[in-house]
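As structure tokens, the structure follows; a few thoughts come after it.
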There are 2 protein chains.
Amino acid sequence: MIDGGRYPIKRAVGQDLTVEADIFMAGHDVVSAVLKWRVRGTPHWSETAMKPIPNGQDRWRGILSVFENAEHEFTIEAWVDAFRSWQHEFRKKFEGGLRDLASETIEGAHLIESAAARAEASGGGSADARRLREIAHKMELAAPQEVNDIARWAELDALMAAWPDRSQTTEFQLAAASTPSGYPRLLVDRERALYTAWYEFFPRSAEGHGNRGSTFRDCLNRIDDAKAMGFDVIYFPPIHPVGQTKRKGRNNSVVSGPEDPGVPYAIGNRLIGCPNGGGHKDIEPALGTFADFDWLIDQLDGRGMELALDFAINCSPDHPYVHDKPEWFFKRPDGTIKYAENPPKKYEDVYPLNFFCEDWRALWEEMTSIILFWAERRVRIFRVDNPHTKPVAFWEYLIAKVRAKYPDVVFLSEAFTRPKMMKVLAKAGFQQSYTYFTWRNFKHELTEYFEELTQTEMKDYFRGNLFPNTPDILPYFLQQGGRPAFIIRAVLAATLSSVYGIYSGFEICENAALPNKEEYLDSEKYQYKERDWNAPGNIKETITRLNRIRRENRALQEYDNLRFYTSENDNILFYGKATASRDNIVLVAVNLDPYQSHDAYIHVPVEEFGWMDSDTYQVHDLLTDERYLWRGSRNYVLLHPQNKPAHVFRVRRWLSREQDFDYYL
Amino acid sequence: MIDGGRYPIKRAVGQDLTVEADIFMAGHDVVSAVLKWRVRGTPHWSETAMKPIPNGQDRWRGILSVFENAEHEFTIEAWVDAFRSWQHEFRKKFEGGLRDLASETIEGAHLIESAAARAEASGGGSADARRLREIAHKMELAAPQEVNDIARWAELDALMAAWPDRSQTTEFQLAAASTPSGYPRLLVDRERALYTAWYEFFPRSAEGHGNRGSTFRDCLNRIDDAKAMGFDVIYFPPIHPVGQTKRKGRNNSVVSGPEDPGVPYAIGNRLIGCPNGGGHKDIEPALGTFADFDWLIDQLDGRGMELALDFAINCSPDHPYVHDKPEWFFKRPDGTIKYAENPPKKYEDVYPLNFFCEDWRALWEEMTSIILFWAERRVRIFRVDNPHTKPVAFWEYLIAKVRAKYPDVVFLSEAFTRPKMMKVLAKAGFQQSYTYFTWRNFKHELTEYFEELTQTEMKDYFRGNLFPNTPDILPYFLQQGGRPAFIIRAVLAATLSSVYGIYSGFEICENAALPNKEEYLDSEKYQYKERDWNAPGNIKETITRLNRIRRENRALQEYDNLRFYTSENDNILFYGKATASRDNIVLVAVNLDPYQSHDAYIHVPVEEFGWMDSDTYQVHDLLTDERYLWRGSRNYVLLHPQNKPAHVFRVRRWLSREQDFDYYL
């Protein structure tokens with residue numbers, strides 16, 4: 001339960017949810033329990049038996065599987081199992097030597113007869129009812145020894161389990177003990193919420209011209225290149241009309257010339273004749289029309305790919321809201337609208353909205369309508385810009401409203417902020433979140449952070465989408481470490497999480513930065529940018545391999561199965577992912593140092609795989625196609641930053657044994 | 001929050017509750033927060049400021065103190081502090097070099113003026129309002145440098161804090177985020193719920209005659225003896241009429257003779273003419289009358305002592321309920337009432353009640369009325385027999401109902417059962433609980449168990465009352481270990497918890513058991529018992545010392561301040577308790593082996609006491625009056641089971657320094 005049930009648990013279609021509960025009651029009666037779940041708003045519960053965990057001190061467990069992309073709810077029902085209580089008590093008395101058991105025999109027969117009555121009343125159980133009555137009758141006439149035998153017939157057990165008496169259910173006590181907020185919730189997302197690879201590019205940069213922008217119709221090469229590399233989501237920064245007033249120039253200059261295309265995040269221009277007023281429901285004319293947009297979606301769809309749009313709640317001074325809804329903005333004492341600030345910095349090309357203005361309901365509704373507008377146009381993934389500067393309650397409202405109509409919509413939270421805020425945004429509904437991965441480069445910090453993400457309660461509500469770079473962030477590690485650093489970060493991003501992405505330019509190892517900043521020099525946020533998408537030294541081959549490895553290894557498509565293992569060198573990170581059945585095991589060793597070679601003894605968790613320490617097995621490096629035979633836990637790796645900074649091993653048992661044959665035993 | 005607020009937190013009068021919360025909001029505004037609390041059902045909230053914990057990642061903390069024996073509720077209120085946000089932003093702009101701050105200045109002045117308006121509207125703040133308006137006026141006319149100075153005046157800070165603007169409180173978001181169950185609860189008990197020493201005896205055994213029983217009027221010697229030993233609660237097993245039908249004889253024999261007094265737990269005899277029908281609201285005539293009972297309460301009261309009664313929901317076949325309310329009992333198919341069983345064992349002298357019978361409301365109400373009946377007669381402590389065989393919801397109902405009328409009633413749960421059941425009974429309302437202490441004898445098991453009791457969430461709802469023996473349990477450790485074992489267990493019980501008790505006979509080291517059972521031979525549950533209460537070898541002197549040590553050392557009157565420290569010998573347990581201010585520190589070293597002497601180097605946590613490793617200090621053994629000078633952490637103890645199985649040290653710094661004087665600095 002996330003925060004005592006306040007927030008839903010998240011799963012994707014096809015995943016399981018394991019539910020545990022302490023189930024016990026006063027006295028010595030035997031308890032039965034089921035785990036129940038349903039899509040919210042539907043009447044029918046599915047259910048599965050819960051079982052006590054051996055030596056679990058009244059801890060019970062049930063596992064449900066979800067297959068529908070919808071909001072579910074679940075609960076537990078437990079009841080006194082009168083028949084099993086009777087079985088248990090009768091046996092204890094009989095085995096304890098008591099023989100005056102006539103009264104107990106009648107009780108047992110009555111319980112069986114009432115099961116017969118339930119079977120009959122159900123309409124479909126008349127055969128069962130007949131058989132149960134036969135058994136009850138036989139029991140009534142039997143001596144204690146025979147009663148004890150009948151009581152333990154497997155047939156009777158099955159019949160009694162089929163027609164249980166749940167009239168003595170726990171509702172009596174649950175009336176006091178249940179949370180008044182109703183059932184705990186389980187949000188079931190579609191698969192791409194859990195497993196995807198994103199490729200981000202500015203559509204105006206598609207062709208890589210330094211002096212003019214590209215259009216939607218020019219994007220196919222870029223898309224095909226991304227598809228060839230194995231990406232399945234194309235993510236565009238805002239595609240809406242770019243403001244003119246206070247437009248920024250190159251490298252964030254406050255002065256712009258007529259040739260400057262402006263920052264796509266300064267959204268809105270009501271003066272250029274767009275069909276929907278020139279705000280968030282329109283397209284920058286330099287990119288194309290709605291017809292072009294529809295064409296683009298068709299193209300992606302035909303390739304099995306999908307578009308993610310950016311939802312940035314920024315208004316340029318030219319945004320229609322500034323004209324039509326000035327009451328939605330912050331005002332100075334003189335009545336003018338405030339621009340954005342992070343004192344002493346000013347962002348005069350952007351006006352923030354006041355989510356707590358008097359007319360907040362209309363504002364929240366309008367924001368929601370933007371998402372619905374694009375969802376209607378077949379966009380079902382949204383990357384949300386700076387959600388942490390808007391109220392969490394607003395996101396909870398918006399996401400719930402959008403999901404009610406489009407349960408397949410996926411939101412990615414771009415909150416680079418304090419941990420608690422990042423967490424609560426995920427709890428409030430974002431299906432994916434940016435992470436601190438961008439700044440976690442070395443062994444201790446990677447291990448600690450990813451254990452938190454994947455092995456604490458966070459795994460049930462926060463899915464980290466790992467980006468080694470973004471248009472706003474060119475980390476020092478990439479600036480300094482050259483091509484090996486890009487490969488190292490690509491391997492980590494692609495294998496530490498089931499969801500990751502790159503911002504274009506990464507594949508050609510772009511690393512020119514503003515001095516002493518983690519920002520790109522000549523960022524395409526502010527200008528057209530000349531680029532050779534196949535520049536020498538690019539790492540497209542490695543990225544292509546990584547995405548293929550992800551496709552072919554189901555272990556890498558899961559999120560919370562990441563485990564770190566011992567490596568005897570702090571420069572080498574060693575971890576693995578395996579499916580629950582262990583039919584797919586991937587082990588990864590990464591040299592975190594982009595400058596020097598390192599070797600290490602690493603400890604393969606053979607016992608976790610159910611092997612013996614003397615077993616020989618094959619590790620197959622899917623990056624290089626090299627194969628090794630290893631034995632036992634402690635094995636050796638040597639990694640060179642230039643030609644082999646990482647191993648991504650598929651692990652296979654090398655030898656089968658006679659015991660592995662079906663007919664052994 | 002216990003189970004997400006489902007159950008209340010417990011404290012005793014005079015204790016603090018530290019409340020922590022993650023408090024943060026979207027954007028850059030400054031937040032303020034208060035912790036609020038009140039007695040439930042009263043309108044007025046007390047409040048105290050919450051403060052962010054340094055480097056606490058948005059974690060805030062507030063501490064409230066409670067002084068009323070009542071059920072409280074608490075909550076947190078947080079709001080955007082517009083003035084402090086303005087202060088912060090103005091300073092950042094000014095220090096960032098901006099000087100066009102006319103608009104910001106007007107905003108600041110407006111905020112001050114609105115504080116003035118709030119002060120005026122309150123009725124009592126007109127002087128503050130005048131001064132605030134002066135400052136606002138001065139600010140409006142000032143240049144940026146001066147505005148920045150005024151903004152930081154301590155006087156202005158204090159005035160603005162006195163008249164805060166809480167209109168932008170978090171209710172907006174809390175409407176979505178708060179638990180619908182209302183405020184979390186805090187049960188505040190009277191002091192004896194937290195700190196007491198119990199002495200249990202059967203009133204019929206008061207004089208120790210083997211051939212006849214004593215009466216209430218015969219109990220004074222026993223009470224005075226207990227008082228001399230330092231006990232403050234006298235606990236009697238059931239004092240109600242004892243059933244006649246199927247009465248048990250000596251050593252639990254199913255046959256009894258006319259001289260057998262019967263088991264006090266087989267309650268009820270409607271045939272002997274008691275004033276209230278002969279059930280749980282009557283007194284066994286052999287013990288006395290209501291007048292005798294009142295006299296006894298007066299006697300205890302005059303000695304500053306208190307009576308605890310046993311609440312055992314057992315009915316003998318002669319109980320008036322059996323006659324008047326047969327529908328409250330379990331029935332056989334032939335309509336007769338079932339006796340208690342733990343198959344194959346039968347308890348034919350006792351009929352259990354069916355808490356889920358059709359007439360359950362009347363049954364629950366009647367059970368509650370029993371407690372109210374005795375509370376009316378000045379009994380405010382109840383030891384509840386086997387609560388785990390009745391529904392938890394029933395106890396929650398009963399305790400709430402009793403507390404509503406008598407908030408000073410204390411319930412002790414005698415549940416020797418599975419951990420989860422013991423915990424939920426405490427959560428449901430029992431102020432004290434029996435524990436597994438009885439079976440925790442050695443270092444690892446004592447440490448692990450008491451760390452769970454006192455240093456996990458359990459400390460907030462479960463108070464362990466430590467009994468080394470009970471009429472039902474004579475542990476093997478006491479059976480085997482002789483007098484040293486009794487002293488060891490007395491020291492542990494008296495110092496590990498602030499609440500403990502002994503069952504009479506312990507002080508004279510009674511340890512004759514049934515063979516291979518942890519049960520007393522010739523248990524007084526079934527018979528009169530000859531006893532010399534001052535038998536040679538008794539440990540009354542040690543018990544007296546222990547209770548005096550508890551009275552004189554406040555550290556031992558707290559529950560959750562227990563800490564275990566390293567001892568380099570597994571036979572020696574070393575632990576301590578200190579007050580929060582460290583003005584009272586008690587360290588205890590116990591030789592857990594009743595047969596052999598052991599010595600150990602033990603590690604005094606000098607750094608925890610704020611001392612230096614080179615400091616010399618005095619440890620004063622309050623059991624033997626010996627004193628030692630120790631220095632630093634590692635020191636030596638030698639403990640002989642016969643003459644000195646334990647040290648109970650009061651620790652004092654030996655030397656003061658010039659820095660300790662008030663005028664130093």
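Each chain in the structure tokens gets a letter, A, B and so on, in the order shown; residues start at 1 in every chain, and ligands are counted from 1 in the order they appear.
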### Query
DSSP says strand (DSSP E or B) for which residues of range 50-258 of chain B? Put them as a PyMOL selection string?
chain B and resi 51-52+59-65+71-80+169+185-189+196-200+233-236+242+249+253
### Message
Residues of chain B within 8 Å of chain A, counting only C-alpha atoms - could you list those as a PyMOL selection string?
### Response
chain B and resi 3-4+6+22+24-28+57-58+89+92-94+96-98+103+106-107+173+176-177+179-181+332-334+343-344+388-393+418-421
Would you save the residues from that selection as a tab-separated table (two decimals), in the first residue's frame, using C-alpha atoms?
chain	number	residue	atom	x	y	z
B	3	ASP	CA	-1.38	1.23	10.38
B	4	GLY	CA	-1.83	4.46	8.47
B	6	ARG	CA	-6.18	3.25	11.80
B	22	ASP	CA	7.39	15.68	4.59
B	24	PHE	CA	6.97	20.85	0.53
B	25	MET	CA	5.15	22.50	-2.29
B	26	ALA	CA	5.47	23.21	-5.96
B	27	GLY	CA	7.65	26.17	-6.87
B	28	HIS	CA	9.91	28.35	-4.78
B	57	GLN	CA	15.15	16.62	2.51
B	58	ASP	CA	11.82	18.33	3.23
B	89	GLU	CA	12.80	36.86	-3.22
B	92	LYS	CA	17.84	37.44	-3.88
B	93	LYS	CA	17.01	40.15	-6.38
B	94	PHE	CA	18.73	42.88	-4.42
B	96	GLY	CA	21.78	39.76	-7.44
B	97	GLY	CA	22.23	43.39	-8.36
B	98	LEU	CA	18.71	44.31	-9.47
B	103	SER	CA	6.96	47.00	-7.83
B	106	ILE	CA	4.86	47.95	-3.11
B	107	GLU	CA	4.14	44.20	-2.84
B	173	GLN	CA	-4.48	20.32	-1.47
B	176	ALA	CA	-7.41	15.57	-1.89
B	177	ALA	CA	-4.57	14.32	0.27
B	179	THR	CA	-7.17	10.65	5.11
B	180	PRO	CA	-10.95	10.61	5.11
B	181	SER	CA	-10.89	8.94	8.52
B	332	ARG	CA	-24.61	-28.80	20.39
B	333	PRO	CA	-27.03	-30.22	17.81
B	334	ASP	CA	-29.17	-31.51	20.70
B	343	PRO	CA	-9.19	-30.96	21.81
B	344	PRO	CA	-8.69	-33.50	23.12
B	388	HIS	CA	-7.10	-13.31	22.15
B	389	THR	CA	-9.93	-15.82	22.25
B	390	LYS	CA	-12.50	-13.02	21.84
B	391	PRO	CA	-12.88	-10.78	18.76
B	392	VAL	CA	-10.50	-7.86	18.55
B	393	ALA	CA	-13.41	-5.67	17.44
B	418	ARG	CA	0.99	-15.34	18.29
B	419	PRO	CA	2.82	-12.03	17.77
B	420	LYS	CA	0.35	-10.43	15.40
B	421	MET	CA	-2.59	-11.06	17.71
### Task
Write out as a PyMOL selection string each polymer residue whose atoms come within 9 Å of Tyr500 in chain A, counting only C-alpha atoms; drop sequence neighbours fewer than 3 positions from it.
chain A and resi 195-199+464-468+493-497
### Message
Neighbouring residues of range 368-379 of chain B were defined as those with any atom within 12 Å, considering only C-alpha atoms; residues of the same chain fewer than 5 positions away were excluded. Please report them as a count of residues only.
### Response
53
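By only C-alpha atoms, and with residues fewer than 3 positions from Ala143 in chain A along its chain excluded, the set lying at most 9 Å from it is Arg99, Leu101, Ala102, Thr105, Met139, Glu140, Glu146, Val147 and Asn148 of chain A.
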### Task
Write down as number ranges by chain the residues belonging to range 489-611 of chain B that are assigned alpha helix (DSSP H) by DSSP computed on the backbone.
B: 489-496, 540-552
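CA of Phe609 in chain A is positioned 28.0 Å from CA of Ala21 in chain A.
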### Message
Can you pull out the residues contacting Ala513 in chain B? Cut-off 10 Å, using only C-alpha atoms, and skip same-chain residues under 3 positions away; I want them as number ranges by chain.
### Response
B: 473-476, 478-479, 510, 516-523
Selection from above, N, CA and C atoms, as a compact mmCIF listing (two decimals), in the first residue's frame, can you write it?
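What landed in out01.txt:
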# COMPACT_ATOMS: atom_id res chain seq x y z
N ILE B 473 2.28 -20.03 34.82
CA ILE B 473 3.59 -20.26 34.23
C ILE B 473 4.71 -20.16 35.27
N LEU B 474 5.35 -21.29 35.52
CA LEU B 474 6.57 -21.32 36.31
C LEU B 474 7.68 -21.75 35.35
N PRO B 475 8.40 -20.79 34.79
CA PRO B 475 9.33 -21.13 33.70
C PRO B 475 10.45 -22.06 34.17
N TYR B 476 10.98 -22.84 33.24
CA TYR B 476 12.06 -23.77 33.56
C TYR B 476 13.24 -23.04 34.19
N LEU B 478 13.30 -20.62 36.24
CA LEU B 478 13.09 -20.49 37.70
C LEU B 478 13.07 -21.85 38.37
N GLN B 479 12.48 -22.83 37.70
CA GLN B 479 12.46 -24.20 38.28
C GLN B 479 13.87 -24.70 38.54
N GLU B 510 9.46 -19.80 45.29
CA GLU B 510 8.71 -21.04 45.08
C GLU B 510 9.00 -21.59 43.69
N ASN B 516 7.98 -31.98 34.10
CA ASN B 516 8.07 -31.65 32.67
C ASN B 516 7.04 -30.65 32.20
N LYS B 517 6.55 -29.83 33.12
CA LYS B 517 5.62 -28.78 32.73
C LYS B 517 6.07 -27.48 33.36
N GLU B 518 5.69 -26.38 32.71
CA GLU B 518 5.98 -25.06 33.30
C GLU B 518 4.81 -24.64 34.18
N GLU B 519 4.33 -25.61 35.00
CA GLU B 519 3.19 -25.30 35.85
C GLU B 519 3.54 -25.60 37.30
N TYR B 520 2.90 -24.84 38.20
CA TYR B 520 3.16 -25.04 39.63
C TYR B 520 2.59 -26.36 40.10
N LEU B 521 3.34 -27.02 40.95
CA LEU B 521 2.82 -28.16 41.69
C LEU B 521 1.90 -27.60 42.79
N ASP B 522 0.79 -28.27 43.01
CA ASP B 522 -0.15 -27.84 44.05
C ASP B 522 -0.53 -26.37 43.88
N SER B 523 -0.86 -26.03 42.65
CA SER B 523 -1.18 -24.63 42.35
C SER B 523 -2.35 -24.13 43.18
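Taking CA of Tyr575 in chain A as the reference point, CA of Val648 in chain A is found at 9.8 Å.
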### Message
as an MDAnalysis selection string, please: the residues near Leu156 in chain A (cut-off 8 Å, only C-alpha atoms, same-chain neighbours under 6 positions excluded).
### Response
chainID A and resid 132 135 150
Please save N, CA and C atoms of the selected residues as a short mmCIF file (atom, residue, chain, number, x, y, z; two decimals), in the first residue's frame.
data_model
loop_
_atom_site.label_atom_id
_atom_site.label_comp_id
_atom_site.auth_asym_id
_atom_site.auth_seq_id
_atom_site.Cartn_x
_atom_site.Cartn_y
_atom_site.Cartn_z
N LEU A 132 -23.19 -34.59 -2.12
CA LEU A 132 -22.94 -34.10 -0.75
C LEU A 132 -23.97 -34.70 0.21
N ILE A 135 -23.05 -38.23 1.03
CA ILE A 135 -21.93 -38.31 1.98
C ILE A 135 -22.41 -37.97 3.39
N ILE A 150 -14.08 -40.34 6.38
CA ILE A 150 -14.89 -39.59 5.41
C ILE A 150 -14.51 -38.11 5.44
#
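Reported to one decimal place, the separation of CA of Ile585 in chain B from CA of Arg483 in chain B is 28.2 Å.
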#### Entry: Residue nearest Ala428 in chain A among A:Ile2, A:Asn571, A:Glu155, A:Val322 (counting only C-alpha atoms)
A:Ile2
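Nearest residue to Phe74 in chain B, choosing from B:Asp29, B:Thr48, B:Ala127, B:Pro184 and counting only C-alpha atoms: B:Pro184.
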